[in-house]
Structures are given as structure tokens and as C-alpha cells.
Amino acid sequence: MINRKQAQLFTFLCWFLTLIPSLVRGDCTCEPEDEDRDKSRALRYKMVAIASILVAGAIGVCFPLLGKTFKALRPDKNLFFIIKAFAAGVILSTGFIHVLPDATDNLTSPCLNENPWGKFPFAGLVAMTAAIGTLMVDVFATSHYTKSHLHKTQQSNGSDEEKTGENENDIPVHSHATHGHAHGSVSMLQSSDSAQLLRHRVVSQVLELGIVVHSVIIGISLGASESPKTIRPLVAALTFHQFFEGMGLGGCISQAQFKCRAVTIMALFFSLTTPVGIAIGIAITNTYDESSPTALIVEGLLNAASAGILIYMALVDLLAADFMNPKLQNNGLLQAGASVSLLLGAALMSLLAIWA
């Protein structure tokens with residue numbers, strides 16, 4: 001009886017071992033899938049995607065910019081901290097849950113040569129390098145502006161002192177000293193505010209760069225697909241995705257205090273990237289092969305760089321800057337609200353990975 005069971009077990013193992021190669025070949029095929037292709041139906045879904053994503057992105061990026069109209073949305077109000085924490089959670093989840101895994105999948109695809117793509121985690125390397133590069137850009141830009149602004153301030157103070165010296169016989173000694181002290185304090189305050197303003201501007205521009213890179217890639221992938229079954233769930237997922245990311249970017253643009261023209265250009269640029277990517281994907285549907293080695297490498301490297309930028313910006317320039325802000329540090333209720341908002345934003349964006 002025991003020998004018969006052993007024989008059955010051995011037969012089952014042999015059958016399973018012979019089945020494995022066919023399973024592996026099925027997973028590793030580099031041929032495009034023919035799952036329910038329908039060009040006309042897929043094109044209708046793509047048109048819907050372009051419209052819905054464009055509207056959602058525009059609403060998301062413009063919502064935090066309404067601070068001039070609605071006082072509750074101004075950067076110094078509590079609600080702004082809550083909204084920005086939620087958006088930072090969305091951006092952080094986008095980097096970790098959506099973009100970086102996609103980059104890893106692309107660069108470890110069986111369609112690529114095992115050497116070197118299968119022997120080294122290039123996605124992590126590129127993401128780390130992009131994060132370090134973002135740090136350097138952040139530091140160097142801020143340092144350069146601070147030095148140049150300090151030099152201009154010193155020159156301005158020198159010329160003011162010369163003008164004051166010419167009229168010092170007409171001004172009491174005590175009054176002149178007091179004026180000098182007050183002028184120095186104001187200059188230091190203005191210098192600090194200018195440096196902070198520059199940091200917000202650098203943050204908003206670098207953040208938009210990271211968002212734009214992966215938005216275009218997502219758009220091209222959707223536009224090149226001819227499977228309605230694949231496109232349909234992506235429409236809803238990318239609509240919410242674009243809306244939440246727009247809120248994060250809009251909050252940064254609001255703090256940067258750009259002129260109206262620059263704000264309009266940045267908002268339009270963000271809103272149009274994914275729809276333009278979809279249009280490009282539609283145009284190259286017949287020639288684009290998402291499983292080709294070139295496409296996999298280019299998409300993987302760009303996605304990895306985008307993930308590094310988004311993760312750095314979310315953790316350092318958005319969350320760390322706001323959670324260390326004295327206004328939030330001295331308000332326990334606001335701190336708890338921002339923490340819950342952060343977790344909620346990260347959780348909701350992570351759930352979209354099920355449909356994306």
C-alpha cells in the first residue's frame with residue numbers, strides 16, 4: 001500500500017516537473033498579447049480617458065491655487081496643511097507603489113538579456129541616483145541664490161550707509177543707530193523670506209519634472225494599447241491619480257508665489273502631459289511594441305528616475321518641511337489631522353494599484 005502511494009506521488013512530481021517549463025515559457029513570452037483586441041472600442045475609451053484625465057488634472061492642480069479667493073486655502077491656514085499632507089501621501093505612494101515597481105518589472109523583463117539586466121537592480125540604482133541628483137539641484141540652487149542675494153543686500157546696505165553718512169549732522173546719534181539696527185533686521189528678514197521663496201520655487205519645478213516624466217510614459221502605454229479590457233479600469237484609476245497628484249503640485253505652486261503667467265503655464269503643462277502621452281500612444285499604435293528591449297529599457301530607466309525624484313520630494317521637501325513647521329509642531333490637533341491625512345492619501349493611492 002505504501003509503495004503504491006509513493007509511486008503515485010512520484011508520478012505526480014514527474015508530471016509537475018514536466019509542466020513547469022511550459023508555465024515558464026508562458027510567463028516569459030515577449031510576443032504582444034492578443035487579448036480581445038478591438039481598435040474602434042479601444043479608441044472610444046481612449047477619447048474618454050483624454051477628456052476625464054484632462055479635467056481631473058486641471059481641477060486638482062487649480063484647487064490649492066484658489067487661496068486668493070478662499071481664505072481657508074491660503075498657505076498659512078490649517079486646511080492647507082491637511083490638503084498638502086494628503087497630496088504628499090499620494091505622491092509618496094505613487095513613487096513607491098506605482099512607478100518604482102513598474103520600473104523594476106521593465107528592467108527585469110525576460111525579454112531583456114540576463115547579462116546585465118538580470119544580475120543587477122538597475123531600477124533601485126537609477127532611483128537612488130535621481131534622488132541624490134535632486135538633492136544636489138535643491139542645495140546648489142538655494143545656495144547660489146542665497147549668496148547672490150546676500151551680496152546684493154550688502155551692496156545695498158553700503159550705499160544706504162553712505163547716503164546716511166552725508167546727512168548725519170542733521171540726524172541725532174541715537175536716531176541714526178536705531179535706524180541702522182532696524183534696517184539690518186529688516187534686511188535679514190527679507191533675505192530669509194527670499195531664500196524660503198526660492199526653495200518653494202525649486203521644489204515646485206523639480207516636482208513637476210518628476211510627475212511629468214511618468215505621466216507621459218503612462219499616457220503612451222495607455223494610448224498604444226488596443227485592449228478595451230486593459231484600458232477601461234485604467235481610465236478611472238488614472239483620473240483619480242492625476243487629480244491627487246495635481247493637488248500636491250498645486251500646493252507647491254501656491255507656496256512658490258509665481259506670477260500669473262508662470263502659474264498658468266505650469267498648470268497647463270501638468271494637465272496636458274498625460275492626455276498628450278495618450279495621443280502619442282494612439283499615433284504610434286501600429287509601430288510601438290511595449291515588449292521590445294528598447295522600449296522596456298527606456299521606460300524602465302525613466303520610471304526609475306521619476307520614482308527617485310517623487311520619493312525624495314515627498315519625504316524631504318513636502319513632508320519634512322511641513323511636519324517640522326513651528327505652526328504644526330505647536331498644534332497637536334493639526335499635527336494629528338495632518339498625520340491622518342497623510343496616511344489616508346497614501347492608502348487611497350496604494351489601493352488604485354489594484355486597478356492600474
# chains A, B, ... in the order shown; residues from 1 in each chain; ligands from 1
>>> residues_around(residues="region 121-126 of chain A", least_positions_apart="4", cutoff="12 Å", atoms="only C-alpha atoms", output="PyMOL selection string")
chain A and resi 95-96+99-109+114-117+130-133+296-309
>>> atom_distance(atom1="CA of Ala346 (chain A)", atom2="CA of Val90 (chain A)")
4.9 Å
>>> closest_residue(among="A:Thr129, A:Thr69, A:Gly345, A:Pro293", to="Pro110 (chain A)", atoms="only C-alpha atoms")
A:Pro293
>>> residues_around(residues="Ala42 (chain A)", least_positions_apart="5", cutoff="10 Å", atoms="only C-alpha atoms", output="NGL selection string")
:A and (37 or 47-48 or 222-232 or 282)
>>> select_by_dssp(residues="region 171-326 of chain A", states="alpha helix (DSSP H)", output="PyMOL selection string")
chain A and resi 173-224+228-256+260-283+293-312+321-323+326
>>> write_last_selection(atoms="C-alpha atoms", output="short mmCIF file (atom, residue, chain, number, x, y, z; two decimals), in the first residue's frame")
data_model
loop_
_atom_site.label_atom_id
_atom_site.label_comp_id
_atom_site.auth_asym_id
_atom_site.auth_seq_id
_atom_site.Cartn_x
_atom_site.Cartn_y
_atom_site.Cartn_z
CA VAL A 173 23.07 109.98 17.00
CA HIS A 174 20.53 107.81 18.83
CA SER A 175 18.05 108.02 15.96
CA HIS A 176 20.71 107.03 13.39
CA ALA A 177 21.79 103.99 15.40
CA THR A 178 18.24 102.88 15.88
CA HIS A 179 17.57 103.24 12.16
CA GLY A 180 20.65 101.17 11.32
CA HIS A 181 19.61 98.37 13.68
CA ALA A 182 16.07 98.32 12.31
CA HIS A 183 17.36 98.36 8.72
CA GLY A 184 19.63 95.37 9.43
CA SER A 185 16.79 93.39 11.00
CA VAL A 186 14.51 94.06 8.06
CA SER A 187 17.25 93.04 5.59
CA MET A 188 17.86 89.76 7.42
CA LEU A 189 14.12 89.03 7.48
CA GLN A 190 13.78 89.82 3.78
CA SER A 191 16.78 87.61 2.98
CA SER A 192 15.27 84.70 4.93
CA ASP A 193 11.90 85.12 3.21
CA SER A 194 13.55 85.29 -0.22
CA ALA A 195 15.54 82.11 0.42
CA GLN A 196 12.37 80.31 1.55
CA LEU A 197 10.50 81.56 -1.51
CA LEU A 198 13.27 80.32 -3.79
CA ARG A 199 13.14 76.89 -2.12
CA HIS A 200 9.39 76.66 -2.78
CA ARG A 201 10.02 77.56 -6.43
CA VAL A 202 12.76 74.96 -6.85
CA VAL A 203 10.54 72.33 -5.16
CA SER A 204 7.56 73.05 -7.42
CA GLN A 205 9.62 72.92 -10.63
CA VAL A 206 11.54 69.73 -9.76
CA LEU A 207 8.33 68.05 -8.52
CA GLU A 208 6.58 68.88 -11.79
CA LEU A 209 9.51 67.40 -13.71
CA GLY A 210 9.20 64.10 -11.83
CA ILE A 211 5.42 63.96 -12.30
CA VAL A 212 5.58 64.87 -15.99
CA VAL A 213 8.10 62.12 -16.83
CA HIS A 214 5.99 59.24 -15.56
CA SER A 215 2.71 60.85 -16.69
CA VAL A 216 3.89 60.85 -20.30
CA ILE A 217 5.01 57.21 -20.02
CA ILE A 218 1.65 56.19 -18.54
CA GLY A 219 -0.16 58.06 -21.32
CA ILE A 220 1.86 56.44 -24.10
CA SER A 221 1.29 52.97 -22.64
CA LEU A 222 -2.47 53.53 -22.44
CA GLY A 223 -2.67 55.12 -25.89
CA ALA A 224 -0.72 52.28 -27.53
CA PRO A 228 -10.60 47.61 -24.06
CA LYS A 229 -10.29 45.21 -21.13
CA THR A 230 -6.94 46.79 -20.23
CA ILE A 231 -7.92 50.41 -20.90
CA ARG A 232 -11.30 50.52 -19.11
CA PRO A 233 -10.03 50.16 -15.50
CA LEU A 234 -7.09 52.44 -16.24
CA VAL A 235 -9.39 55.34 -17.14
CA ALA A 236 -10.84 55.59 -13.60
CA ALA A 237 -7.53 54.83 -11.90
CA LEU A 238 -5.56 57.44 -13.87
CA THR A 239 -8.31 60.05 -13.43
CA PHE A 240 -8.06 59.84 -9.63
CA HIS A 241 -4.28 59.52 -9.90
CA GLN A 242 -4.00 62.76 -11.87
CA PHE A 243 -6.40 64.61 -9.58
CA PHE A 244 -4.50 63.73 -6.40
CA GLU A 245 -1.10 64.46 -7.92
CA GLY A 246 -2.43 67.78 -9.17
CA MET A 247 -3.40 68.73 -5.62
CA GLY A 248 0.16 68.11 -4.43
CA LEU A 249 1.72 70.09 -7.24
CA GLY A 250 -0.84 72.88 -6.91
CA GLY A 251 0.01 73.27 -3.22
CA CYS A 252 3.70 73.70 -4.07
CA ILE A 253 2.96 76.18 -6.86
CA SER A 254 0.76 78.16 -4.47
CA GLN A 255 3.58 78.48 -1.94
CA ALA A 256 6.07 79.46 -4.67
CA CYS A 260 0.00 84.55 -13.02
CA ARG A 261 1.61 83.68 -16.36
CA ALA A 262 4.05 81.16 -14.82
CA VAL A 263 1.26 79.56 -12.74
CA THR A 264 -0.90 79.18 -15.86
CA ILE A 265 1.94 77.60 -17.85
CA MET A 266 2.81 75.13 -15.07
CA ALA A 267 -0.84 74.16 -14.51
CA LEU A 268 -1.44 73.68 -18.25
CA PHE A 269 1.78 71.72 -18.67
CA PHE A 270 0.79 69.32 -15.89
CA SER A 271 -2.81 68.95 -17.09
CA LEU A 272 -1.80 68.21 -20.69
CA THR A 273 1.06 65.73 -20.16
CA THR A 274 -0.96 62.53 -19.74
CA PRO A 275 -3.52 63.40 -22.48
CA VAL A 276 -0.65 64.27 -24.84
CA GLY A 277 1.01 60.98 -23.92
CA ILE A 278 -2.22 59.14 -24.80
CA ALA A 279 -2.38 60.98 -28.13
CA ILE A 280 1.22 60.00 -28.88
CA GLY A 281 0.38 56.40 -27.97
CA ILE A 282 -2.59 56.43 -30.36
CA ALA A 283 -0.38 57.80 -33.15
CA PRO A 293 14.04 45.62 -25.42
CA THR A 294 14.48 49.28 -26.37
CA ALA A 295 11.02 50.27 -25.10
CA LEU A 296 11.49 48.29 -21.87
CA ILE A 297 14.89 49.84 -21.12
CA VAL A 298 13.85 53.43 -21.89
CA GLU A 299 10.60 53.16 -19.92
CA GLY A 300 12.32 51.40 -17.04
CA LEU A 301 15.10 53.96 -16.69
CA LEU A 302 12.73 56.94 -16.97
CA ASN A 303 10.28 55.40 -14.48
CA ALA A 304 13.09 54.67 -12.03
CA ALA A 305 14.41 58.25 -12.26
CA SER A 306 10.89 59.59 -11.83
CA ALA A 307 10.36 57.38 -8.76
CA GLY A 308 13.56 58.67 -7.15
CA ILE A 309 12.53 62.28 -7.72
CA LEU A 310 8.99 61.77 -6.39
CA ILE A 311 10.12 59.87 -3.27
CA TYR A 312 12.74 62.49 -2.41
CA ALA A 321 9.30 70.78 5.68
CA ASP A 322 5.65 70.87 6.78
CA PHE A 323 5.82 68.50 9.75
CA PRO A 326 6.51 75.55 14.07
#
>>> atom_distance(atom1="CA of Val61 (chain A)", atom2="CA of Asp138 (chain A)")
22.4 Å
>>> atom_distance(atom1="CA of Ser143 (chain A)", atom2="CA of Lys259 (chain A)")
22.8 Å
